[in-house]
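Chemist: Please find one structure pasted underneath; my questions will follow.
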Amino acid sequence: MVAAISRRRFCWIAAGALAVLALPGCSSANDGTVVIYSCAEGVRNESLITAMHARFPEYDIRLHYIPTGNCAAKLRMEGSQSEADIVLDLEGGYIKQVSEWLDQLPAQDAKRYCADLVDPDHRYFPFARESACIAVNETTLSAHGLEAPQSYEDLTDPQYKGLVTMPNPKSSGTGYNFVKSLVNAWGEDEAFDYFDRLADNVYQFTSSGSGPVNALVQGEAAIGLGMTFQAVSEINQGVPLKVLFFEEGAPWAVYGMGIVEGKGSRAAVREVFDWLSTEGVKIDNETYVPDQVLADFKAEIPNYPTDIDYADMTGITDPDEKKRLLGRWKY
């Protein structure tokens, strides 16, 4: 099912796993129609498509929201025959898996991004860098007479039993980012020994990356391994949370964007992609996730940490490594 969105009104419709933001019009075979598969959250999509309508009134731009795993599976199945012209905000491991069905992008343009985010094969450009943090509810900690933890090891202290929550890495990319960062920092055996000890204190391994911060907001947990931008959003709404980073650095992942194979020959697709890969990144940085993507642009959001020390995430986009490590996860 496709949900049509006019310039006057947005309408969200869910059909199974698919929801669509679109403008009524002709199929993507027409030169002026651009179809985008986006894995970004709803409000982020809405901001982008509103800006695109203003910038490109001559084009019929359609933005389809598709969850990450479904988007990758859809692109693998459809390949160059996909109705999509552009894929947006697809997590690095997944976009790597479908890169053979993406056009090669100009190496010169890749220089505008932070070097650690760039795909060496230039099949996609980075759209977002999303970091993770240890968030604490200061009110809940105080109610238990506890101080905030200062290290990962502190989280295993029995005083925090039943007060810690983290995403399950088997269902959450954020959860896997924590696992991979500690595997890289400490070595595989030490990292998994640590999670075995941490599990004794965990109130819940949530199915999604947003689960821990949601639990903090509800007062169900005091400490959450969660998404930085979500925690800051809650802080800016008055929730008594605090964002912490430990010496191993903030786990993070890159989310990419690319042009589906063969679609870059159309001027409309190239123009919209060029805008998204520069101005679109800036809008997303300034409004939602300010972790730096463009080498010469740094956004600020109130209460968002500056100069984050990022963890070593070498191998984060390797699907075989991820499968192997998750095979060791017990919870």
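In the structure tokens, chains take letters A, B, ... by order of appearance, with residues numbered from 1 within each chain and ligands from 1 in the order shown.
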Could you find all residues in region 91-305 of chain A that DSSP calls strand (DSSP E) from the backbone, and write them as a ChimeraX atom specification?
Modeler: /A:91,125-137,164-167,202-206,223-227,241-244,252-259
Chemist: For the residues selected in the previous step, produce a file with N, CA and C atoms as a compact mmCIF listing (two decimals), in the first residue's frame.
Modeler:
```
# COMPACT_ATOMS: atom_id res chain seq x y z
N GLU A 91 21.80 1.62 7.52
CA GLU A 91 22.92 1.31 8.41
C GLU A 91 24.08 0.69 7.64
N PHE A 125 27.71 7.39 0.25
CA PHE A 125 28.23 8.48 1.06
C PHE A 125 27.61 8.38 2.45
N PRO A 126 28.29 8.85 3.48
CA PRO A 126 27.68 8.86 4.81
C PRO A 126 26.57 9.90 4.90
N PHE A 127 25.48 9.54 5.54
CA PHE A 127 24.41 10.50 5.78
C PHE A 127 24.35 10.89 7.25
N ALA A 128 24.60 9.94 8.15
CA ALA A 128 24.57 10.23 9.58
C ALA A 128 25.56 9.35 10.31
N ARG A 129 26.07 9.90 11.40
CA ARG A 129 26.85 9.13 12.36
C ARG A 129 26.02 9.18 13.65
N GLU A 130 25.61 8.00 14.14
CA GLU A 130 24.79 7.96 15.35
C GLU A 130 25.60 7.32 16.47
N SER A 131 25.82 8.08 17.53
CA SER A 131 26.60 7.58 18.65
C SER A 131 25.69 7.04 19.75
N ALA A 132 26.30 6.25 20.61
CA ALA A 132 25.59 5.70 21.77
C ALA A 132 26.28 6.18 23.03
N CYS A 133 25.58 6.07 24.16
CA CYS A 133 26.10 6.59 25.42
C CYS A 133 25.58 5.75 26.57
N ILE A 134 26.05 6.04 27.75
CA ILE A 134 25.44 5.53 28.97
C ILE A 134 24.62 6.67 29.54
N ALA A 135 23.32 6.50 29.56
CA ALA A 135 22.43 7.53 30.08
C ALA A 135 21.95 7.11 31.47
N VAL A 136 21.84 8.07 32.36
CA VAL A 136 21.37 7.76 33.71
C VAL A 136 20.22 8.69 34.07
N ASN A 137 19.25 8.16 34.82
CA ASN A 137 18.19 8.97 35.39
C ASN A 137 18.63 9.37 36.78
N VAL A 164 19.89 -1.63 35.49
CA VAL A 164 20.58 -1.41 34.22
C VAL A 164 19.76 -2.02 33.08
N THR A 165 19.73 -1.33 31.96
CA THR A 165 19.08 -1.88 30.77
C THR A 165 19.94 -1.58 29.55
N MET A 166 19.95 -2.51 28.60
CA MET A 166 20.68 -2.29 27.34
C MET A 166 19.94 -2.99 26.21
N PRO A 167 20.15 -2.56 24.97
CA PRO A 167 19.49 -3.22 23.84
C PRO A 167 20.11 -4.60 23.57
N VAL A 202 21.28 -6.60 34.80
CA VAL A 202 20.40 -6.05 33.77
C VAL A 202 18.93 -6.34 34.08
N TYR A 203 18.18 -5.27 34.14
CA TYR A 203 16.73 -5.37 34.33
C TYR A 203 16.06 -5.93 33.07
N GLN A 204 16.53 -5.47 31.91
CA GLN A 204 15.94 -5.94 30.66
C GLN A 204 16.89 -5.68 29.49
N PHE A 205 17.01 -6.69 28.61
CA PHE A 205 17.65 -6.50 27.32
C PHE A 205 16.53 -6.16 26.34
N THR A 206 16.47 -4.90 25.93
CA THR A 206 15.35 -4.45 25.11
C THR A 206 15.51 -4.88 23.65
N ILE A 223 19.91 3.22 34.73
CA ILE A 223 21.07 3.31 33.84
C ILE A 223 20.73 2.61 32.53
N GLY A 224 20.94 3.29 31.42
CA GLY A 224 20.62 2.69 30.13
C GLY A 224 21.75 2.87 29.14
N LEU A 225 22.08 1.80 28.43
CA LEU A 225 23.04 1.88 27.33
C LEU A 225 22.19 2.18 26.09
N GLY A 226 22.20 3.44 25.67
CA GLY A 226 21.26 3.83 24.64
C GLY A 226 21.81 4.83 23.64
N MET A 227 20.91 5.46 22.89
CA MET A 227 21.26 6.37 21.80
C MET A 227 21.42 7.79 22.33
N LEU A 241 17.75 13.32 32.92
CA LEU A 241 18.75 12.36 32.46
C LEU A 241 20.11 13.04 32.34
N LYS A 242 21.16 12.23 32.39
CA LYS A 242 22.51 12.70 32.16
C LYS A 242 23.21 11.74 31.22
N VAL A 243 23.99 12.28 30.30
CA VAL A 243 24.71 11.48 29.31
C VAL A 243 26.15 11.29 29.76
N LEU A 244 26.60 10.03 29.77
CA LEU A 244 27.96 9.70 30.17
C LEU A 244 28.67 8.94 29.05
N TRP A 252 29.52 3.85 17.95
CA TRP A 252 28.83 4.58 16.90
C TRP A 252 28.72 3.72 15.64
N ALA A 253 27.85 4.17 14.75
CA ALA A 253 27.71 3.51 13.44
C ALA A 253 27.44 4.56 12.39
N VAL A 254 27.82 4.27 11.17
CA VAL A 254 27.55 5.15 10.05
C VAL A 254 26.30 4.68 9.34
N TYR A 255 25.52 5.64 8.87
CA TYR A 255 24.31 5.36 8.09
C TYR A 255 24.48 6.04 6.75
N GLY A 256 24.34 5.28 5.67
CA GLY A 256 24.73 5.78 4.37
C GLY A 256 23.58 6.07 3.42
N MET A 257 23.96 6.67 2.29
CA MET A 257 23.01 6.94 1.21
C MET A 257 23.69 6.67 -0.12
N GLY A 258 22.92 6.17 -1.08
CA GLY A 258 23.49 5.86 -2.39
C GLY A 258 22.44 5.96 -3.48
N ILE A 259 22.92 5.88 -4.71
CA ILE A 259 22.04 5.89 -5.88
C ILE A 259 21.95 4.46 -6.42
```
Chemist: Set the distance at 10 Å and use only C-alpha atoms: which residues neighbour Lys322 (chain A) once local chain neighbours fewer than 3 positions away are removed? I'd like the list as a CSV table (one decimal) with all heavy atoms, in the first residue's frame.
Modeler:
```
chain,number,residue,atom,x,y,z
A,93,GLY,N,26.4,-1.7,7.9
A,93,GLY,CA,26.5,-3.1,7.6
A,93,GLY,C,25.6,-3.5,6.5
A,93,GLY,O,25.9,-4.3,5.6
A,169,PRO,N,21.7,-7.1,21.4
A,169,PRO,CA,22.5,-6.9,20.1
A,169,PRO,C,22.0,-7.8,19.0
A,169,PRO,O,22.3,-7.5,17.8
A,169,PRO,CB,23.9,-7.3,20.5
A,169,PRO,CG,23.8,-8.1,21.7
A,169,PRO,CD,22.6,-7.6,22.4
A,170,LYS,N,21.2,-8.8,19.3
A,170,LYS,CA,20.6,-9.7,18.3
A,170,LYS,C,19.5,-9.0,17.5
A,170,LYS,O,19.2,-9.4,16.4
A,170,LYS,CB,20.2,-11.0,18.8
A,170,LYS,CG,21.3,-12.0,19.2
A,170,LYS,CD,20.9,-13.4,19.5
A,170,LYS,CE,22.1,-14.3,19.6
A,170,LYS,NZ,21.6,-15.7,19.9
A,176,TYR,N,24.4,-4.0,19.3
A,176,TYR,CA,25.6,-4.6,18.7
A,176,TYR,C,26.8,-3.6,18.7
A,176,TYR,O,27.9,-4.0,18.9
A,176,TYR,CB,25.3,-5.0,17.3
A,176,TYR,CG,26.5,-5.6,16.6
A,176,TYR,CD1,27.1,-6.8,17.0
A,176,TYR,CD2,27.2,-5.0,15.5
A,176,TYR,CE1,28.2,-7.3,16.4
A,176,TYR,CE2,28.3,-5.5,14.9
A,176,TYR,CZ,28.8,-6.7,15.4
A,176,TYR,OH,30.0,-7.2,14.8
A,177,ASN,N,26.5,-2.3,18.6
A,177,ASN,CA,27.6,-1.3,18.6
A,177,ASN,C,28.3,-1.4,19.9
A,177,ASN,O,29.6,-1.2,20.0
A,177,ASN,CB,27.0,0.1,18.4
A,177,ASN,CG,26.5,0.2,17.0
A,177,ASN,OD1,26.8,-0.5,16.1
A,177,ASN,ND2,25.7,1.3,16.7
A,179,VAL,N,28.6,-4.0,21.9
A,179,VAL,CA,29.4,-5.3,21.9
A,179,VAL,C,30.7,-5.1,21.1
A,179,VAL,O,31.8,-5.4,21.5
A,179,VAL,CB,28.5,-6.4,21.4
A,179,VAL,CG1,29.4,-7.7,21.2
A,179,VAL,CG2,27.4,-6.8,22.3
A,180,LYS,N,30.5,-4.6,19.9
A,180,LYS,CA,31.7,-4.5,19.0
A,180,LYS,C,32.7,-3.5,19.5
A,180,LYS,O,33.9,-3.7,19.4
A,180,LYS,CB,31.2,-4.0,17.6
A,180,LYS,CG,32.3,-4.1,16.5
A,180,LYS,CD,32.7,-5.6,16.3
A,180,LYS,CE,33.7,-5.8,15.1
A,180,LYS,NZ,35.1,-5.5,15.5
A,315,GLY,N,35.6,-2.8,11.7
A,315,GLY,CA,34.9,-4.0,11.4
A,315,GLY,C,33.4,-4.0,11.7
A,315,GLY,O,32.7,-5.0,11.5
A,316,ILE,N,32.8,-2.8,12.0
A,316,ILE,CA,31.4,-2.7,12.4
A,316,ILE,C,30.5,-3.0,11.2
A,316,ILE,O,29.4,-3.4,11.4
A,316,ILE,CB,31.1,-1.3,12.9
A,316,ILE,CG1,29.7,-1.2,13.5
A,316,ILE,CG2,31.3,-0.2,11.9
A,316,ILE,CD1,29.5,-2.1,14.7
A,317,THR,N,31.0,-2.8,10.0
A,317,THR,CA,30.2,-3.1,8.8
A,317,THR,C,30.4,-4.5,8.2
A,317,THR,O,29.8,-4.8,7.2
A,317,THR,CB,30.4,-2.0,7.7
A,317,THR,OG1,31.8,-2.1,7.3
A,317,THR,CG2,30.1,-0.6,8.2
A,318,ASP,N,31.2,-5.3,8.9
A,318,ASP,CA,31.5,-6.7,8.4
A,318,ASP,C,30.3,-7.6,8.8
A,318,ASP,O,30.2,-8.0,10.0
A,318,ASP,CB,32.8,-7.1,8.9
A,318,ASP,CG,33.2,-8.5,8.4
A,318,ASP,OD1,32.4,-9.3,7.9
A,318,ASP,OD2,34.4,-8.8,8.4
A,319,PRO,N,29.5,-8.1,7.9
A,319,PRO,CA,28.4,-8.9,8.2
A,319,PRO,C,28.8,-10.3,8.8
A,319,PRO,O,28.1,-10.9,9.6
A,319,PRO,CB,27.6,-9.1,6.9
A,319,PRO,CG,28.5,-8.8,5.8
A,319,PRO,CD,29.5,-7.8,6.4
A,325,LEU,N,30.0,-13.0,16.0
A,325,LEU,CA,30.0,-12.5,17.4
A,325,LEU,C,28.6,-12.7,18.0
A,325,LEU,O,28.5,-13.0,19.2
A,325,LEU,CB,30.4,-11.0,17.4
A,325,LEU,CG,31.8,-10.6,17.1
A,325,LEU,CD1,32.0,-9.1,17.1
A,325,LEU,CD2,32.8,-11.3,18.1
A,326,LEU,N,27.6,-12.5,17.3
A,326,LEU,CA,26.2,-12.7,17.8
A,326,LEU,C,26.0,-14.1,18.2
A,326,LEU,O,25.1,-14.4,19.0
A,326,LEU,CB,25.2,-12.1,16.9
A,326,LEU,CG,25.2,-10.6,16.7
A,326,LEU,CD1,24.0,-10.2,15.8
A,326,LEU,CD2,25.1,-9.9,18.1
A,327,GLY,N,26.7,-15.0,17.5
A,327,GLY,CA,26.6,-16.4,17.9
A,327,GLY,C,27.0,-16.7,19.3
A,327,GLY,O,26.7,-17.7,19.9
```
Chemist: I'd like the neighbourhood of Trp275 (chain A) as a list in words, where a residue qualifies if any of its atoms comes within 9 Å (using only C-alpha atoms), though same-chain residues fewer than 5 positions away should be ignored.
Modeler: Met52, Arg55, Arg270, Gly280 and Val281 of chain A
Chemist: One number please: CA of Val293 (chain A) to CA of Ser277 (chain A), in Å, one decimal.
Modeler: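 Rounded to one decimal, the two atoms are 10.1 Å apart.
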Chemist: Do a neighbour search on Glu248 (chain A) at 10 Å with only C-alpha atoms, toss out local chain neighbours closer than 5 positions, and write the hits as a count of residues only.
Modeler: 11
Chemist: Determine which residues of region 75-217 of chain A receive a DSSP assignment of alpha helix (DSSP H), computed from the backbone, and state them as a compact mmCIF listing (two decimals) with N, CA and C atoms, in the first residue's frame.
Modeler:
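part_11.txt, freshly written:
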```txt
# COMPACT_ATOMS: atom_id res chain seq x y z
N LEU A 75 16.09 -4.28 -1.52
CA LEU A 75 17.08 -3.90 -2.52
C LEU A 75 17.82 -5.11 -3.07
N ARG A 76 18.10 -6.10 -2.21
CA ARG A 76 18.75 -7.32 -2.69
C ARG A 76 17.85 -8.04 -3.68
N MET A 77 16.57 -8.07 -3.41
CA MET A 77 15.62 -8.78 -4.26
C MET A 77 15.40 -8.03 -5.58
N GLU A 78 15.30 -6.71 -5.52
CA GLU A 78 14.95 -5.92 -6.70
C GLU A 78 16.18 -5.53 -7.53
N GLY A 92 25.32 1.04 8.08
CA GLY A 92 26.52 0.72 7.32
C GLY A 92 26.68 -0.74 6.94
N GLY A 93 26.39 -1.65 7.86
CA GLY A 93 26.52 -3.08 7.55
C GLY A 93 25.57 -3.52 6.47
N TYR A 94 24.35 -2.97 6.51
CA TYR A 94 23.34 -3.34 5.51
C TYR A 94 23.64 -2.70 4.15
N ILE A 95 24.06 -1.43 4.15
CA ILE A 95 24.31 -0.79 2.86
C ILE A 95 25.53 -1.42 2.19
N LYS A 96 26.45 -1.94 3.01
CA LYS A 96 27.59 -2.65 2.45
C LYS A 96 27.12 -3.91 1.71
N GLN A 97 26.10 -4.57 2.28
CA GLN A 97 25.60 -5.81 1.69
C GLN A 97 24.93 -5.58 0.33
N ALA A 107 34.76 9.99 -6.43
CA ALA A 107 35.71 9.95 -5.32
C ALA A 107 36.02 11.36 -4.82
N GLN A 108 36.01 12.32 -5.72
CA GLN A 108 36.30 13.70 -5.33
C GLN A 108 35.28 14.21 -4.32
N ASP A 109 34.01 13.85 -4.51
CA ASP A 109 32.96 14.32 -3.61
C ASP A 109 33.08 13.68 -2.22
N ALA A 110 33.69 12.51 -2.15
CA ALA A 110 33.82 11.84 -0.85
C ALA A 110 34.74 12.61 0.10
N GLU A 138 18.99 10.64 36.94
CA GLU A 138 19.56 11.10 38.21
C GLU A 138 18.57 11.00 39.35
N THR A 139 17.29 11.21 39.07
CA THR A 139 16.27 11.11 40.11
C THR A 139 16.14 9.69 40.62
N THR A 140 16.14 8.72 39.69
CA THR A 140 16.03 7.31 40.09
C THR A 140 17.26 6.87 40.87
N LEU A 141 18.44 7.26 40.41
CA LEU A 141 19.65 6.93 41.16
C LEU A 141 19.60 7.51 42.57
N SER A 142 19.18 8.76 42.70
CA SER A 142 19.11 9.41 44.00
C SER A 142 18.13 8.70 44.92
N ALA A 143 17.02 8.24 44.34
CA ALA A 143 16.02 7.54 45.14
C ALA A 143 16.57 6.26 45.73
N GLY A 173 20.80 -2.68 16.43
CA GLY A 173 22.11 -2.24 15.98
C GLY A 173 22.85 -1.49 17.08
N THR A 174 22.12 -0.72 17.89
CA THR A 174 22.75 0.00 18.99
C THR A 174 23.37 -0.98 19.98
N GLY A 175 22.65 -2.06 20.29
CA GLY A 175 23.19 -3.07 21.18
C GLY A 175 24.45 -3.70 20.62
N TYR A 176 24.43 -4.00 19.33
CA TYR A 176 25.62 -4.60 18.71
C TYR A 176 26.79 -3.61 18.72
N ASN A 177 26.50 -2.32 18.58
CA ASN A 177 27.58 -1.33 18.61
C ASN A 177 28.33 -1.37 19.95
N PHE A 178 27.59 -1.54 21.05
CA PHE A 178 28.25 -1.66 22.35
C PHE A 178 29.13 -2.91 22.39
N VAL A 179 28.61 -4.03 21.91
CA VAL A 179 29.38 -5.27 21.91
C VAL A 179 30.65 -5.11 21.08
N LYS A 180 30.52 -4.59 19.87
CA LYS A 180 31.69 -4.48 18.97
C LYS A 180 32.72 -3.51 19.52
N SER A 181 32.27 -2.43 20.15
CA SER A 181 33.22 -1.46 20.68
C SER A 181 34.07 -2.08 21.79
N LEU A 182 33.46 -2.90 22.64
CA LEU A 182 34.22 -3.51 23.73
C LEU A 182 35.07 -4.69 23.25
N VAL A 183 34.59 -5.40 22.22
CA VAL A 183 35.43 -6.43 21.60
C VAL A 183 36.70 -5.79 21.04
N ASN A 184 36.55 -4.64 20.38
CA ASN A 184 37.71 -3.96 19.82
C ASN A 184 38.63 -3.40 20.91
N ALA A 185 38.03 -2.94 22.01
CA ALA A 185 38.82 -2.31 23.07
C ALA A 185 39.55 -3.33 23.94
N TRP A 186 38.89 -4.45 24.24
CA TRP A 186 39.41 -5.38 25.24
C TRP A 186 39.82 -6.74 24.69
N GLU A 188 37.97 -10.17 22.35
CA GLU A 188 36.67 -10.86 22.30
C GLU A 188 36.32 -11.58 23.60
N ASP A 189 37.24 -12.37 24.13
CA ASP A 189 36.92 -13.17 25.32
C ASP A 189 36.64 -12.28 26.53
N GLU A 190 37.46 -11.26 26.71
CA GLU A 190 37.25 -10.37 27.85
C GLU A 190 35.92 -9.62 27.73
N ALA A 191 35.58 -9.21 26.51
CA ALA A 191 34.32 -8.49 26.32
C ALA A 191 33.12 -9.37 26.65
N PHE A 192 33.13 -10.61 26.16
CA PHE A 192 31.98 -11.49 26.43
C PHE A 192 31.93 -11.93 27.89
N ASP A 193 33.08 -12.05 28.54
CA ASP A 193 33.09 -12.31 29.98
C ASP A 193 32.45 -11.14 30.72
N TYR A 194 32.75 -9.93 30.25
CA TYR A 194 32.15 -8.74 30.87
C TYR A 194 30.62 -8.76 30.74
N PHE A 195 30.11 -9.04 29.55
CA PHE A 195 28.65 -9.03 29.37
C PHE A 195 27.98 -10.14 30.19
N ASP A 196 28.67 -11.24 30.40
CA ASP A 196 28.13 -12.28 31.29
C ASP A 196 27.96 -11.74 32.71
N ARG A 197 28.94 -10.96 33.17
CA ARG A 197 28.84 -10.38 34.51
C ARG A 197 27.81 -9.25 34.56
N LEU A 198 27.77 -8.44 33.49
CA LEU A 198 26.80 -7.35 33.43
C LEU A 198 25.37 -7.88 33.46
N GLY A 211 14.74 1.41 23.48
CA GLY A 211 14.17 0.85 24.69
C GLY A 211 14.81 1.32 25.98
N PRO A 212 16.15 1.34 26.09
CA PRO A 212 16.76 1.76 27.36
C PRO A 212 16.39 3.17 27.79
N VAL A 213 16.46 4.14 26.88
CA VAL A 213 16.11 5.50 27.26
C VAL A 213 14.62 5.59 27.62
N ASN A 214 13.79 4.86 26.89
CA ASN A 214 12.36 4.84 27.25
C ASN A 214 12.17 4.33 28.67
N ALA A 215 12.95 3.29 29.05
CA ALA A 215 12.85 2.74 30.40
C ALA A 215 13.30 3.77 31.44
N LEU A 216 14.31 4.56 31.12
CA LEU A 216 14.76 5.60 32.04
C LEU A 216 13.69 6.66 32.22
N VAL A 217 13.06 7.05 31.12
CA VAL A 217 12.02 8.07 31.18
C VAL A 217 10.86 7.60 32.06
```
Chemist: Using only C-alpha atoms, determine which residues lie at most 12 Å from Leu48 (chain A), disregarding the query and same-chain residues fewer than 6 positions distant; provide the list as a PyMOL selection string.
Modeler: chain A and resi 21+36+38+40-42+54-56+61-63+88-89+272+275-288
Chemist: Return the single residue from A:Ala268, A:Val232, A:Ala295, A:Val118 that is closest to Pro57 (chain A), with distances computed using only C-alpha atoms.
Modeler: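 Closest to Pro57 (chain A), using only C-alpha atoms: A:Ala268.
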Chemist: Which value, in Å to one decimal, gives the distance between CA of Tyr113 (chain A) and CA of Pro290 (chain A)?
Modeler: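 These two atoms are separated by 13.9 Å.
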Chemist: Rounded to one decimal, what separation in Å do you get between CA of Ala73 (chain A) and CA of Gln104 (chain A)?
Modeler: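 CA of Ala73 (chain A) sits 20.3 Å away from CA of Gln104 (chain A).
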